[in-house]
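Source file: data28.txt (compact mmCIF, C-alpha atoms and all ligand atoms)
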```txt
# COMPACT_ATOMS: atom_id res chain seq x y z
CA MET A 4 -19.82 9.27 23.77
CA THR A 5 -16.16 8.80 22.78
CA THR A 6 -13.20 8.19 25.05
CA MET A 7 -9.56 8.06 23.90
CA LEU A 8 -6.42 7.29 25.90
CA THR A 9 -2.86 7.92 24.81
CA THR A 10 0.51 7.29 26.42
CA TRP A 11 3.28 9.56 27.76
CA LYS A 12 3.31 13.30 28.29
CA GLU A 13 5.23 14.56 25.27
CA PRO A 14 3.84 12.50 22.41
CA GLY A 15 0.45 12.34 24.09
CA HIS A 16 -0.53 15.93 23.50
CA VAL A 17 0.59 15.77 19.84
CA THR A 18 -1.39 12.57 19.39
CA MET A 19 -4.55 13.69 21.11
CA GLY A 20 -4.64 17.03 19.28
CA ALA A 21 -4.61 15.33 15.89
CA ALA A 22 -6.94 12.52 16.96
CA SER A 23 -9.61 14.83 18.35
CA THR A 24 -9.47 17.05 15.24
CA LYS A 25 -9.93 14.01 13.00
CA LEU A 26 -12.76 12.71 15.15
CA ALA A 27 -14.58 16.04 14.76
CA GLN A 28 -14.10 15.88 10.98
CA THR A 29 -15.04 12.27 10.28
CA GLY A 30 -16.69 10.86 13.40
CA SER A 31 -14.63 7.71 12.95
CA LEU A 32 -12.67 6.43 15.96
CA LEU A 33 -10.38 4.34 13.76
CA ASP A 34 -9.57 7.36 11.56
CA ALA A 35 -9.00 9.48 14.67
CA ILE A 36 -6.55 7.02 16.21
CA GLU A 37 -4.71 6.59 12.93
CA ALA A 38 -4.44 10.39 12.60
CA GLY A 39 -3.16 10.70 16.16
CA LEU A 40 -0.42 8.16 15.68
CA THR A 41 0.44 9.62 12.26
CA ALA A 42 0.95 13.06 13.80
CA ALA A 43 3.25 11.61 16.44
CA GLU A 44 5.21 9.63 13.83
CA ASP A 45 5.61 12.81 11.79
CA ASP A 46 7.03 14.89 14.66
CA PRO A 47 10.85 14.70 14.57
CA GLU A 48 11.05 15.91 18.18
CA LEU A 49 9.59 12.62 19.40
CA ILE A 50 12.53 10.26 19.63
CA ALA A 51 10.70 6.95 19.98
CA ILE A 52 8.25 7.05 17.11
CA GLY A 53 8.52 7.54 13.36
CA ARG A 54 10.58 10.31 11.79
CA GLY A 55 13.57 11.31 13.90
CA SER A 56 13.37 8.40 16.33
CA LEU A 57 16.38 6.62 17.80
CA PRO A 58 17.88 3.97 15.50
CA ASN A 59 19.06 0.40 15.88
CA SER A 60 22.73 -0.48 16.36
CA ASP A 61 23.29 -0.18 12.58
CA GLY A 62 21.98 3.41 12.65
CA GLU A 63 18.75 2.49 10.88
CA LEU A 64 15.19 3.15 12.00
CA GLU A 65 13.07 0.03 12.18
CA LEU A 66 9.45 0.79 12.91
CA ASP A 67 6.74 -1.33 14.52
CA ALA A 68 3.00 -0.53 14.45
CA SER A 69 -0.28 -2.29 15.06
CA VAL A 70 -4.02 -1.76 15.15
CA MET A 71 -6.93 -3.89 16.39
CA ARG A 72 -10.73 -3.49 16.32
CA GLY A 73 -12.80 -4.88 19.14
CA ASP A 74 -15.95 -5.48 17.11
CA ASN A 75 -14.58 -8.31 14.96
CA LEU A 76 -11.06 -8.83 16.42
CA ASP A 77 -9.52 -7.82 13.10
CA ALA A 78 -5.91 -6.73 13.47
CA GLY A 79 -3.01 -5.56 11.33
CA ALA A 80 0.64 -4.92 12.09
CA VAL A 81 4.05 -4.23 10.61
CA CYS A 82 7.38 -4.80 12.28
CA ALA A 83 11.03 -3.89 11.63
CA MET A 84 9.89 -1.79 8.65
CA ARG A 85 12.35 0.78 7.32
CA GLY A 86 11.80 4.11 5.59
CA ILE A 87 8.02 4.26 5.36
CA PHE A 88 5.75 6.86 6.93
CA PRO A 89 3.25 6.44 8.52
CA ALA A 90 3.80 2.91 9.81
CA ILE A 91 0.39 2.90 11.50
CA SER A 92 -1.32 3.40 8.12
CA VAL A 93 0.55 0.43 6.68
CA ALA A 94 -0.60 -1.63 9.67
CA ARG A 95 -4.18 -0.56 8.95
CA LYS A 96 -3.73 -1.54 5.28
CA VAL A 97 -2.54 -4.98 6.35
CA MET A 98 -5.68 -5.30 8.48
CA GLU A 99 -8.08 -4.07 5.83
CA THR A 100 -6.65 -5.45 2.57
CA THR A 101 -4.94 -8.75 3.40
CA PRO A 102 -5.91 -12.02 5.08
CA HIS A 103 -2.85 -11.66 7.35
CA VAL A 104 -2.13 -9.96 10.65
CA MET A 105 1.53 -8.99 10.34
CA LEU A 106 4.07 -8.21 7.63
CA ALA A 107 7.74 -7.92 8.53
CA GLY A 108 10.85 -6.02 7.49
CA ASP A 109 11.60 -5.42 3.82
CA GLN A 110 8.46 -7.25 2.76
CA ALA A 111 6.34 -4.89 4.84
CA ARG A 112 8.11 -2.01 3.10
CA ARG A 113 7.50 -3.61 -0.29
CA PHE A 114 3.81 -4.06 0.56
CA ALA A 115 3.62 -0.41 1.60
CA ILE A 116 5.21 0.79 -1.65
CA GLN A 117 2.82 -1.40 -3.64
CA HIS A 118 -0.02 0.38 -1.81
CA GLY A 119 1.18 3.86 -2.68
CA PHE A 120 3.39 4.77 0.28
CA VAL A 121 6.49 6.63 -0.84
CA PRO A 122 9.77 5.45 0.69
CA GLU A 123 11.63 8.22 2.45
CA ASN A 124 14.57 8.85 4.70
CA LEU A 125 13.23 9.25 8.24
CA VAL A 126 16.71 9.70 9.75
CA THR A 127 17.24 13.30 10.86
CA GLU A 128 20.47 15.17 11.65
CA GLU A 129 19.72 14.70 15.34
CA VAL A 130 19.40 10.93 14.88
CA CYS A 131 22.82 10.93 13.15
CA ARG A 132 24.30 12.92 16.01
CA ARG A 133 22.95 10.51 18.61
CA TYR A 134 24.10 7.54 16.58
CA ARG A 135 27.63 8.96 16.40
CA GLU A 136 27.56 9.30 20.19
CA TYR A 137 26.42 5.69 20.42
CA LEU A 138 29.30 4.53 18.19
CA VAL A 139 31.83 6.33 20.36
CA SER A 140 30.39 5.01 23.59
CA PRO A 141 27.51 2.55 23.33
CA GLU A 142 27.18 2.10 27.07
CA ARG A 143 27.17 5.83 27.68
CA ALA A 144 24.55 6.42 25.01
CA LYS A 145 22.32 3.74 26.51
CA ALA A 146 22.94 5.01 30.03
CA TYR A 147 22.06 8.50 28.85
CA VAL A 148 18.78 7.19 27.58
CA HIS A 149 17.95 5.74 31.00
CA THR A 150 19.21 8.72 32.97
CA ALA A 151 17.27 11.09 30.77
CA GLN A 152 14.21 9.00 31.38
CA ASP A 153 14.67 9.13 35.13
CA ASN A 154 15.12 12.89 34.96
CA ARG A 155 12.06 13.13 32.74
CA GLN A 156 13.97 15.37 30.29
CA ASP A 157 13.90 13.27 27.25
CA PRO A 158 11.99 10.06 27.81
CA PRO A 159 12.98 7.35 25.33
CA HIS A 160 9.95 5.27 26.21
CA ASP A 161 7.50 7.40 24.37
CA THR A 162 5.98 4.75 22.20
CA VAL A 163 2.50 5.94 21.48
CA THR A 164 -0.22 3.47 22.32
CA MET A 165 -3.82 4.60 21.95
CA LEU A 166 -7.09 3.06 23.10
CA GLY A 167 -10.53 4.31 22.12
CA LEU A 168 -14.17 3.55 22.85
CA GLN A 169 -17.05 4.90 20.78
CA ASP A 170 -20.63 3.68 21.15
CA GLY A 171 -19.55 0.35 22.62
CA LYS A 172 -16.81 -0.29 20.05
CA PHE A 173 -13.12 -0.41 20.92
CA VAL A 174 -9.98 0.30 18.90
CA ALA A 175 -6.40 -0.21 20.12
CA ALA A 176 -3.26 0.85 18.23
CA SER A 177 0.43 1.46 18.77
CA SER A 178 3.45 2.83 16.91
CA THR A 179 7.11 2.88 17.91
CA SER A 180 10.71 2.69 16.81
CA GLY A 181 11.24 0.23 19.67
CA MET A 182 14.24 0.00 21.91
CA PRO A 183 16.97 2.56 21.14
CA PHE A 184 20.12 1.00 19.62
CA LYS A 185 18.47 -2.43 19.52
CA ILE A 186 19.96 -5.38 17.64
CA PRO A 187 18.74 -5.03 14.03
CA GLY A 188 15.63 -7.11 13.53
CA ARG A 189 14.56 -6.92 17.16
CA VAL A 190 10.80 -6.59 17.55
CA GLY A 191 9.15 -5.61 20.83
CA ASP A 192 5.62 -5.87 22.18
CA SER A 193 4.07 -2.92 20.33
CA PRO A 194 3.13 -4.66 17.05
CA ILE A 195 2.17 -7.92 18.76
CA VAL A 196 -1.53 -8.49 19.28
CA GLY A 197 -2.02 -9.51 22.90
CA ALA A 198 1.27 -7.99 24.03
CA GLY A 199 1.28 -4.31 22.93
CA ILE A 200 -2.44 -3.99 22.13
CA TYR A 201 -5.71 -5.88 22.48
CA ALA A 202 -9.36 -4.97 21.93
CA ASP A 203 -12.52 -7.01 22.36
CA ASP A 204 -15.92 -5.34 22.51
CA GLU A 205 -17.11 -8.05 24.88
CA ALA A 206 -14.65 -6.86 27.55
CA GLY A 207 -12.59 -3.76 26.75
CA ALA A 208 -9.23 -2.70 25.38
CA ALA A 209 -5.70 -2.59 26.70
CA GLY A 210 -2.29 -1.46 25.55
CA ALA A 211 1.28 -1.33 26.75
CA THR A 212 4.49 0.65 26.61
CA GLY A 213 7.90 0.16 28.16
CA LEU A 214 10.29 -2.78 28.13
CA GLY A 215 8.83 -4.74 25.23
CA GLU A 216 10.44 -8.10 25.92
CA GLU A 217 8.89 -8.28 29.39
CA LEU A 218 5.49 -6.97 28.27
CA TRP A 219 5.46 -9.56 25.53
CA LYS A 220 6.36 -12.45 27.86
CA ALA A 221 3.50 -11.35 30.12
CA CYS A 222 1.02 -11.05 27.18
CA ALA A 223 0.26 -7.86 29.06
CA SER A 224 -2.58 -6.44 26.97
CA PHE A 225 -4.42 -9.72 26.57
CA ARG A 226 -4.06 -10.41 30.28
CA ALA A 227 -5.51 -6.99 31.13
CA VAL A 228 -8.51 -7.54 28.81
CA GLN A 229 -9.05 -11.00 30.34
CA ASN A 230 -9.12 -9.29 33.72
CA LEU A 231 -11.79 -6.89 32.41
CA ALA A 232 -13.78 -9.88 31.13
CA ARG A 233 -13.69 -11.32 34.65
CA GLY A 234 -15.33 -8.16 35.96
CA MET A 235 -12.38 -6.13 37.21
CA SER A 236 -12.37 -2.36 36.75
CA ALA A 237 -9.82 -0.96 34.29
CA GLN A 238 -7.57 0.10 37.17
CA GLU A 239 -7.80 -3.29 38.90
CA ALA A 240 -7.10 -5.04 35.60
CA CYS A 241 -3.90 -3.04 35.07
CA ASP A 242 -2.79 -3.36 38.69
CA GLU A 243 -3.07 -7.13 38.50
CA VAL A 244 -0.87 -7.26 35.38
CA ALA A 245 1.79 -4.93 36.81
CA ARG A 246 1.87 -6.81 40.14
CA HIS A 247 2.12 -10.14 38.39
CA MET A 248 5.00 -8.84 36.26
CA ARG A 249 6.84 -7.49 39.29
CA ARG A 250 6.47 -10.82 41.03
CA ARG A 251 7.56 -12.98 38.09
CA GLN A 252 9.84 -10.79 35.95
CA THR A 253 12.63 -9.03 37.80
CA LYS A 254 13.84 -7.12 34.73
CA CYS A 255 10.75 -4.97 34.93
CA HIS A 256 11.91 -3.69 38.33
CA GLU A 257 14.56 -1.61 36.54
CA ILE A 258 12.83 -0.42 33.38
CA PRO A 259 9.17 0.59 33.38
CA CYS A 260 6.53 -1.69 31.94
CA VAL A 261 3.20 0.10 31.65
CA VAL A 262 -0.25 -1.33 31.00
CA LEU A 263 -3.32 0.80 30.30
CA ALA A 264 -6.92 -0.25 29.91
CA LEU A 265 -10.35 1.03 29.00
CA ASP A 266 -13.52 -0.74 30.08
CA LYS A 267 -17.00 -0.91 28.56
CA ASN A 268 -18.27 1.97 30.72
CA GLY A 269 -15.43 4.24 29.66
CA GLY A 270 -13.57 3.61 32.92
CA PHE A 271 -9.81 3.81 32.46
CA GLY A 272 -6.68 2.83 34.34
CA ALA A 273 -2.94 2.35 34.07
CA ALA A 274 -0.29 0.64 36.16
CA LEU A 275 3.47 0.32 35.93
CA THR A 276 6.18 -1.84 37.34
CA THR A 277 8.58 1.00 38.19
CA GLY A 278 9.13 4.69 37.44
CA GLU A 279 6.51 7.23 36.45
CA PHE A 280 4.00 7.51 33.65
CA ASP A 281 1.50 10.02 32.26
CA LEU A 282 -1.73 9.05 30.55
CA TRP A 283 -3.85 11.46 28.51
CA VAL A 284 -7.58 10.93 28.66
CA TRP A 285 -9.91 12.62 26.16
CA ARG A 286 -13.65 12.33 26.70
CA ASP A 287 -16.06 14.18 24.43
CA GLY A 288 -13.81 17.22 24.19
CA ASP A 289 -12.43 17.24 27.74
CA LEU A 290 -8.73 16.46 28.05
CA GLU A 291 -6.98 15.42 31.27
CA CYS A 292 -3.51 14.15 32.04
CA HIS A 293 -3.20 11.53 34.81
CA HIS A 294 0.06 10.76 36.53
CA TYR A 295 0.94 7.23 37.76
CA THR A 296 3.73 5.78 39.86
CA GLN A 297 4.83 2.21 40.57
CA VAL A 298 2.05 -0.22 41.49
CA GLN A 299 1.93 -1.31 45.16
CA ASP A 300 3.09 -4.92 45.53
N1 LIG B 1 7.44 -1.18 24.10
C1 LIG B 1 8.37 -0.62 23.14
C2 LIG B 1 9.30 -1.72 22.68
O1 LIG B 1 9.78 -2.46 23.50
C3 LIG B 1 9.19 0.49 23.67
C4 LIG B 1 8.48 1.50 24.51
O2 LIG B 1 7.29 1.45 24.75
O3 LIG B 1 9.16 2.39 24.96
O4 LIG B 1 9.59 -1.76 21.52
```
Show the structure stored in the file as structure tokens.
Amino acid sequence: MTTMLTTWKEPGHVTMGAASTKLAQTGSLLDAIEAGLTAAEDDPELIAIGRGSLPNSDGELELDASVMRGDNLDAGAVCAMRGIFPAISVARKVMETTPHVMLAGDQARRFAIQHGFVPENLVTEEVCRRYREYLVSPERAKAYVHTAQDNRQDPPHDTVTMLGLQDGKFVAASSTSGMPFKIPGRVGDSPIVGAGIYADDEAGAAGATGLGEELWKACASFRAVQNLARGMSAQEACDEVARHMRRRQTKCHEIPCVVLALDKNGGFGAALTTGEFDLWVWRDGDLECHHYTQVQD
């Protein structure tokens, strides 16, 4: 029995298509999740992950990615890494070939090149166009991002976070270009173990997407997995995190912070501090999309 979750409507179907194909080929959950995130990173239409995603305020793409296994708590991550595809595979390399958890910036890129990744320009024409708009009117470009999100035309928060459970073993992973037009060097929750992802076979797995600074301060994924360990269902675990964030962190009233979780029985849940969110759920070949709105206080 295998269950996989992935975030947001648009990237979610790209991700799940590739992940389920890989799972059928190899039977490996880790390979499947890596393939899912790789496909999303490779799709230039997805503006918050990999190739063609929105840049920082210097016009450069800085990518964050992470992966964690629940069986031994091994984890690997890269942050603020430029010009390497797929970032998730570099994160996996960090996990599997080094004694470290995270490599940052140009040294992450150097590590990737040393391991056979070929540096490339991930900035598309569309990214250049949006960056020119940003230079002319930074506030308008940022406002556009938020308006588009509210109108659900072009959601900028489409970081892909995936959770999986196969025969009692969990994997969590995430990949993103982070906040559009961020200060260069800014890193959000997605590559941070405990903030953007967490997996522990003794309890479950959790992940996050949305306003990374707030999710990080809340240690959102770790908190959700701790809730699972205390016996909450996946939905209760996520609700508790989102409610706590709304109570303590007013910035998450304006920009969504989403937490998702998967428990040992394959039960799933998600909760958010504001706005709307779609979660794809794949279970042994059946795919469903679940829609969520703001958690009740
Ligand atoms: N959490 C990501 C970050 O803050 C962004 C997102 O999920 O939209 O970098």
message = As a quick test: using only C-alpha atoms and all ligand atoms, which residues lie no more than 6 Å away from ligand LIG 1 (chain B)? Give them as a list in words.
response =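 Residues lying within 6 Å of ligand LIG 1 (chain B): His160, Asp161, Thr162, Gly181, Met182, Gly191, Asp192, Ser193, Thr212, Gly213, Leu214 and Gly215 of chain A.
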Gly234 of chain A environment, 12 Å, only C-alpha atoms, sequence neighbours closer than 3 positions dropped, as number ranges by chain: A: 205-207, 227-231, 237-240, 266-268
note - atom CA of Ala35 of chain A and atom CA of Pro183 of chain A are separated by 27.6 Å
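Nearest to Asp242 of chain A of all the residues A:Ala144, A:Cys255, A:Val298, A:Ala264 is A:Val298, counting only C-alpha atoms.
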With only C-alpha atoms as the atoms that count, which of A:Leu66, A:Asp287, A:His294, A:Asp300 lies nearest to Gly30 of chain A?
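Result for the nearest residue to Gly30 of chain A: A:Asp287.
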- Quick one: residues within 10 Å of His247 of chain A, only C-alpha atoms counted, chain neighbours fewer than 4 positions away excluded, as a ChimeraX atom specification? /A:221,223,241-243,251-252,276,300
**Study point:** Shell of 12 Å around Ser23 of chain A, all atoms listed in the file, local chain residues under 5 positions omitted, as a PyMOL selection string
**Key:** chain A and resi 5-9+15-18+28-40+42+167+284-290
- Query: Just how far from atom CA of His103 of chain A is atom CA of Arg233 of chain A, in Å to one decimal?
  - Reply: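 Interatomic distance here is 29.4 Å.
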Have a look at atom CA of Glu123 of chain A and atom CA of Phe88 of chain A and let me know their distance in Å, one decimal.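 Between atom CA of Glu123 of chain A and atom CA of Phe88 of chain A the gap is 7.5 Å.
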**Asked** Restricting the calculation to all atoms listed in the file, which member of A:Ala202, A:Ile258, A:Leu265, A:Leu26 is positioned closest to Glu279 of chain A?
**Response**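 The closest residue to Glu279 of chain A is A:Ile258.
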Worksheet item: Of the candidates A:Pro89, A:Gly119, A:Gly55, A:Gly73, which shows the shortest atom-to-atom distance to Asp203 of chain A, using all atoms listed in the file?
Response: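 Of A:Pro89, A:Gly119, A:Gly55, A:Gly73, the one nearest Asp203 of chain A, counting all atoms listed in the file, is A:Gly73.
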With distances taken over all atoms listed in the file, the candidate from A:Leu282, A:Ala21, A:Ala51, A:Leu76 nearest Lys172 of chain A is A:Leu76
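Distances from A:Thr164, A:Ser177, A:Ser56, A:Ser69 to Thr127 of chain A were compared using only C-alpha atoms, and the smallest one belongs to A:Ser56.
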